[in-house]
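Working notes for the structure below.
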Amino acid sequence: MSTSWATVGTEWLNPVGTRLSLLGRSNHFRGKCDLSRRGFTFNGIVAAGASVMTTSVVAEPSKGLERLPFKPEGYNYWTWRGHKIHYVVEGEGFPVVLIHGFGASAFHWRYNIPELAKKYKVYALDLIGFGWSEKALIDYDAFIWRDQVVDFLKEIVKEPAVLVGNSLGGFTALIAAASLTDEVKGVTLLNSAGQFGDASSAAEGTEETALQKFILKPLKESFQRVVLGLVFWQSKQPARIESVLKSVYINSSNVDDYLIDSITRPAADPNAGEVYYRLMTRFISNQRKYTLNNVLRQLSCPLLLLWGDLDPWVGPAKASQIKEFYPNTTIVNLKAGHCPHDEVPELVNEALLHWLSATITPASSLETVSET
């Protein structure tokens, strides 16, 4: 997390990533959230079916909500490709899988898991390289996380599910859903990463010369290691993390010791610095080869966008673009930043629960009846 890298990988990072130079906002929003029988109604806004109004939802976050207990040792572990993967599971019923953003963990869903688990079986996993999962020394790629989620659904969940993702976790949910069209019954994105564009042009490159390969490239990598090592050291300091989070949460009342601890503990892992280097130099630099165009063309399930309209990184225009490209989309606009699930969790919970009950659960029940 450094101002020096504020422009790197802008759509893949959330407040616990590297973009630190953004000016914060201190506005505190209040409002109500009411659900009608046929659609979402928030202070006069209705988002029914695949339609959306332009006004946004406002609220004061997390007052009186149950919170997932913080466990320094983590909850459950699963071995995937020889690596230790952390996950949380709560509740019973139709499975809902939560996927965090860049630099976060399952604990970022602290206010969502208990509420959703009252009606559904909720899983929240840490992507490899993040949170309480192993800081594996591998080549990181969007398809590594896709494969992890796909195998998690097959080996742990073992039945059709809905995927919910924030930022990087949103794009991971999309590409996993595109790979498992029969198993994923719906996807919810909260200020998702990913870009529209031409992947083929990004994949084209020129052949390296001997000078580039044996002299310039090693020098560049050595310089990057030094710079990124300093950046990472600075980024994992608790005071720095708190400052960054407060600058990107529109209402910073949820920036507390719990949240800060959930970020600093994984950063203390001996391999965390090397993982950070690999993420920044290999994955982030190649992000253009993964486009929303290609992924959405393969998607076949309902899509819900719970979008923080005040996100300085991924604004509401992107949500509208996704809906235009993929009409089977419902948008609910929220007066929040990049992580609405933690900033206005009661609104996110209520909208998600309503969408699940109205769109996903009835269809799943009918499929179960028809199979019997």
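For the structure tokens, the naming scheme is as follows: chains receive sequential letters (A, B, ...) according to their order of presentation, residues are indexed from 1 within each chain, and ligands are indexed from 1 in presentation order.
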
Taking the chain letters and numbering used in this document, name the residues of region 240-285 of chain A that DSSP puts in helix (DSSP H, G or I), as a ChimeraX atom specification.
-> /A:240-248,252-254,257-267,272-285

Close residues, Pro72 (chain A) itself excluded, 10 Å, only C-alpha atoms, min 4 positions apart in chain, as number ranges by chain = A: 132, 261-262, 265

Expressed in Å, the length from CA of Phe152 (chain A) to CA of Ile263 (chain A) is 23.1 Å

What are the closest atom pairs, with distances in Å to one decimal, for each residue of region 250-339 of chain A lying within 10 Å of region 126-131 of chain A, using only C-alpha atoms, rows by chain and rising residue number, as a tab-separated table?
```
residue	atom	partner	partner_atom	distance
A:Ser262	CA	A:Gly131	CA	7.5
A:Ile263	CA	A:Gly131	CA	7.3
A:Thr264	CA	A:Gly131	CA	9.4
A:Arg265	CA	A:Gly131	CA	8.0
A:Pro266	CA	A:Gly131	CA	5.3
A:Ala267	CA	A:Gly131	CA	8.2
A:Asp269	CA	A:Gly131	CA	9.8
A:Asn271	CA	A:Gly129	CA	9.0
A:Ala272	CA	A:Gly129	CA	7.7
A:Glu274	CA	A:Gly129	CA	10.0
A:Val275	CA	A:Gly129	CA	6.5
A:Tyr276	CA	A:Gly129	CA	8.5
A:Leu279	CA	A:Gly129	CA	9.0
```

Written file, previous selection with C-alpha atoms, as a short mmCIF file (atom, residue, chain, number, x, y, z; two decimals), in the first residue's frame:
```cif
data_model
loop_
_atom_site.label_atom_id
_atom_site.label_comp_id
_atom_site.auth_asym_id
_atom_site.auth_seq_id
_atom_site.Cartn_x
_atom_site.Cartn_y
_atom_site.Cartn_z
CA SER A 262 -7.59 -9.14 10.01
CA ILE A 263 -5.22 -7.42 7.57
CA THR A 264 -2.03 -7.11 9.62
CA ARG A 265 -1.90 -10.74 10.81
CA PRO A 266 -1.67 -12.30 7.31
CA ALA A 267 0.90 -9.66 6.32
CA ASP A 269 3.58 -14.33 7.32
CA ASN A 271 6.20 -15.45 2.65
CA ALA A 272 3.80 -12.50 2.49
CA GLU A 274 7.27 -12.49 -1.79
CA VAL A 275 3.59 -13.14 -2.54
CA TYR A 276 3.03 -9.38 -2.70
CA LEU A 279 1.07 -10.34 -7.32
#
```

List the neighbours of Ala319 (chain A) out to 10 Å using only C-alpha atoms; skip same-chain residues closer than 5 positions along the sequence, and give me the result as a ChimeraX atom specification.
-> /A:189-192,304-309,314,324-325,329-333

Could you turn the residues from that selection into a file that holds N, CA, C and O atoms, as a JSON list (two decimals), in the first residue's frame?
```json
[["chain", "number", "residue", "atom", "x", "y", "z"],
["A", 189, "LEU", "N", -22.15, -9.45, -7.43],
["A", 189, "LEU", "CA", -20.90, -8.68, -7.48],
["A", 189, "LEU", "C", -21.04, -7.41, -6.65],
["A", 189, "LEU", "O", -22.02, -6.68, -6.79],
["A", 190, "LEU", "N", -20.05, -7.15, -5.83],
["A", 190, "LEU", "CA", -19.98, -5.90, -5.08],
["A", 190, "LEU", "C", -18.74, -5.15, -5.57],
["A", 190, "LEU", "O", -17.62, -5.52, -5.25],
["A", 191, "ASN", "N", -18.96, -4.15, -6.41],
["A", 191, "ASN", "CA", -17.87, -3.33, -6.94],
["A", 191, "ASN", "C", -16.73, -4.21, -7.47],
["A", 191, "ASN", "O", -15.59, -4.15, -7.02],
["A", 192, "SER", "N", -17.10, -5.01, -8.45],
["A", 192, "SER", "CA", -16.20, -6.04, -8.97],
["A", 192, "SER", "C", -15.02, -5.48, -9.74],
["A", 192, "SER", "O", -15.10, -4.44, -10.40],
["A", 304, "LEU", "N", -26.62, -10.23, -9.79],
["A", 304, "LEU", "CA", -27.00, -9.10, -8.94],
["A", 304, "LEU", "C", -25.78, -8.23, -8.71],
["A", 304, "LEU", "O", -24.71, -8.72, -8.34],
["A", 305, "LEU", "N", -25.93, -6.93, -8.92],
["A", 305, "LEU", "CA", -24.87, -5.97, -8.64],
["A", 305, "LEU", "C", -25.28, -5.12, -7.45],
["A", 305, "LEU", "O", -26.25, -4.37, -7.51],
["A", 306, "LEU", "N", -24.54, -5.24, -6.36],
["A", 306, "LEU", "CA", -24.72, -4.39, -5.19],
["A", 306, "LEU", "C", -23.56, -3.40, -5.22],
["A", 306, "LEU", "O", -22.44, -3.75, -4.85],
["A", 307, "TRP", "N", -23.83, -2.19, -5.68],
["A", 307, "TRP", "CA", -22.74, -1.29, -6.09],
["A", 307, "TRP", "C", -22.64, -0.06, -5.21],
["A", 307, "TRP", "O", -23.59, 0.71, -5.07],
["A", 308, "GLY", "N", -21.46, 0.16, -4.64],
["A", 308, "GLY", "CA", -21.17, 1.37, -3.91],
["A", 308, "GLY", "C", -20.93, 2.51, -4.88],
["A", 308, "GLY", "O", -19.89, 2.56, -5.54],
["A", 309, "ASP", "N", -21.88, 3.42, -4.99],
["A", 309, "ASP", "CA", -21.80, 4.49, -5.98],
["A", 309, "ASP", "C", -20.67, 5.48, -5.73],
["A", 309, "ASP", "O", -20.26, 6.20, -6.64],
["A", 314, "VAL", "N", -14.01, 2.10, -8.73],
["A", 314, "VAL", "CA", -14.91, 1.40, -9.65],
["A", 314, "VAL", "C", -16.29, 2.03, -9.51],
["A", 314, "VAL", "O", -17.10, 1.58, -8.71],
["A", 324, "GLU", "N", -25.79, -3.47, -19.31],
["A", 324, "GLU", "CA", -26.04, -3.30, -20.74],
["A", 324, "GLU", "C", -25.52, -4.49, -21.52],
["A", 324, "GLU", "O", -26.15, -4.95, -22.47],
["A", 325, "PHE", "N", -24.37, -5.01, -21.11],
["A", 325, "PHE", "CA", -23.77, -6.15, -21.80],
["A", 325, "PHE", "C", -24.47, -7.45, -21.45],
["A", 325, "PHE", "O", -24.62, -8.34, -22.29],
["A", 329, "THR", "N", -29.50, -8.90, -15.35],
["A", 329, "THR", "CA", -28.80, -8.27, -14.24],
["A", 329, "THR", "C", -29.73, -7.36, -13.45],
["A", 329, "THR", "O", -30.51, -6.62, -14.03],
["A", 330, "THR", "N", -29.64, -7.43, -12.14],
["A", 330, "THR", "CA", -30.34, -6.50, -11.25],
["A", 330, "THR", "C", -29.30, -5.63, -10.55],
["A", 330, "THR", "O", -28.29, -6.14, -10.07],
["A", 331, "ILE", "N", -29.52, -4.33, -10.52],
["A", 331, "ILE", "CA", -28.59, -3.42, -9.86],
["A", 331, "ILE", "C", -29.26, -2.78, -8.65],
["A", 331, "ILE", "O", -30.38, -2.29, -8.75],
["A", 332, "VAL", "N", -28.57, -2.77, -7.53],
["A", 332, "VAL", "CA", -28.98, -2.00, -6.37],
["A", 332, "VAL", "C", -27.83, -1.05, -6.05],
["A", 332, "VAL", "O", -26.72, -1.48, -5.75],
["A", 333, "ASN", "N", -28.09, 0.25, -6.14],
["A", 333, "ASN", "CA", -27.06, 1.26, -5.90],
["A", 333, "ASN", "C", -27.04, 1.64, -4.43],
["A", 333, "ASN", "O", -28.09, 1.82, -3.81]]
```

For region 179-186 of chain A, list every protein, DNA or RNA residue within 7 Å, evaluated using only C-alpha atoms, and leave out those in the same chain fewer than 2 positions away; present the list as an mmCIF file with C-alpha atoms, in the first residue's frame.
```cif
data_model
loop_
_atom_site.group_PDB
_atom_site.id
_atom_site.type_symbol
_atom_site.label_atom_id
_atom_site.label_comp_id
_atom_site.auth_asym_id
_atom_site.auth_seq_id
_atom_site.Cartn_x
_atom_site.Cartn_y
_atom_site.Cartn_z
ATOM 1 C CA GLU A 159 -23.979 -28.969 -4.393
ATOM 2 C CA PRO A 160 -25.205 -26.024 -6.517
ATOM 3 C CA ALA A 161 -24.512 -22.637 -4.957
ATOM 4 C CA VAL A 162 -24.539 -18.866 -5.371
ATOM 5 C CA LEU A 163 -21.235 -17.002 -5.534
ATOM 6 C CA ILE A 175 -14.928 -16.736 -14.072
ATOM 7 C CA ALA A 176 -15.742 -19.629 -11.730
ATOM 8 C CA ALA A 177 -19.436 -19.348 -12.640
ATOM 9 C CA THR A 188 -23.580 -11.301 -6.860
ATOM 10 C CA SER A 300 -25.907 -18.099 -17.976
ATOM 11 C CA CYS A 301 -27.215 -17.409 -14.448
ATOM 12 C CA PRO A 302 -28.895 -14.358 -12.841
ATOM 13 C CA LEU A 303 -26.552 -11.564 -11.825
ATOM 14 C CA ILE A 360 -32.515 -18.164 -6.712
#
```

Can you tell me, as a short mmCIF file (atom, residue, chain, number, x, y, z; two decimals) with C-alpha atoms, in the first residue's frame, what residues are no more than 9 Å from Trp109 (chain A) when counting only C-alpha atoms, ignoring any on the same chain fewer than 2 positions away?
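The file below, selection.cif, is the result:
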```
data_model
loop_
_atom_site.label_atom_id
_atom_site.label_comp_id
_atom_site.auth_asym_id
_atom_site.auth_seq_id
_atom_site.Cartn_x
_atom_site.Cartn_y
_atom_site.Cartn_z
CA ARG A 67 -20.53 -10.02 14.04
CA LEU A 68 -18.50 -13.12 13.20
CA LEU A 98 -18.48 -15.39 -0.22
CA ILE A 99 -15.19 -14.38 -1.88
CA HIS A 100 -13.15 -11.44 -0.54
CA SER A 105 -9.92 -12.35 3.98
CA ALA A 106 -13.05 -14.22 5.02
CA PHE A 107 -13.21 -11.96 8.07
CA TYR A 111 -21.29 -8.60 9.40
CA ASN A 112 -22.72 -10.66 6.52
CA ILE A 113 -22.03 -14.25 7.53
CA ALA A 124 -16.42 -17.68 3.10
CA HIS A 341 -20.70 -5.28 2.47
CA ASP A 342 -18.62 -3.98 5.38
CA PRO A 345 -23.82 -4.41 5.76
#
```

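Residues lying within 8 Å of Ser252 (chain A), counting only C-alpha atoms and ignoring same-chain neighbours fewer than 5 positions away, are A:Ser26, A:Leu245, A:Lys246, A:Ser247, A:Glu343.
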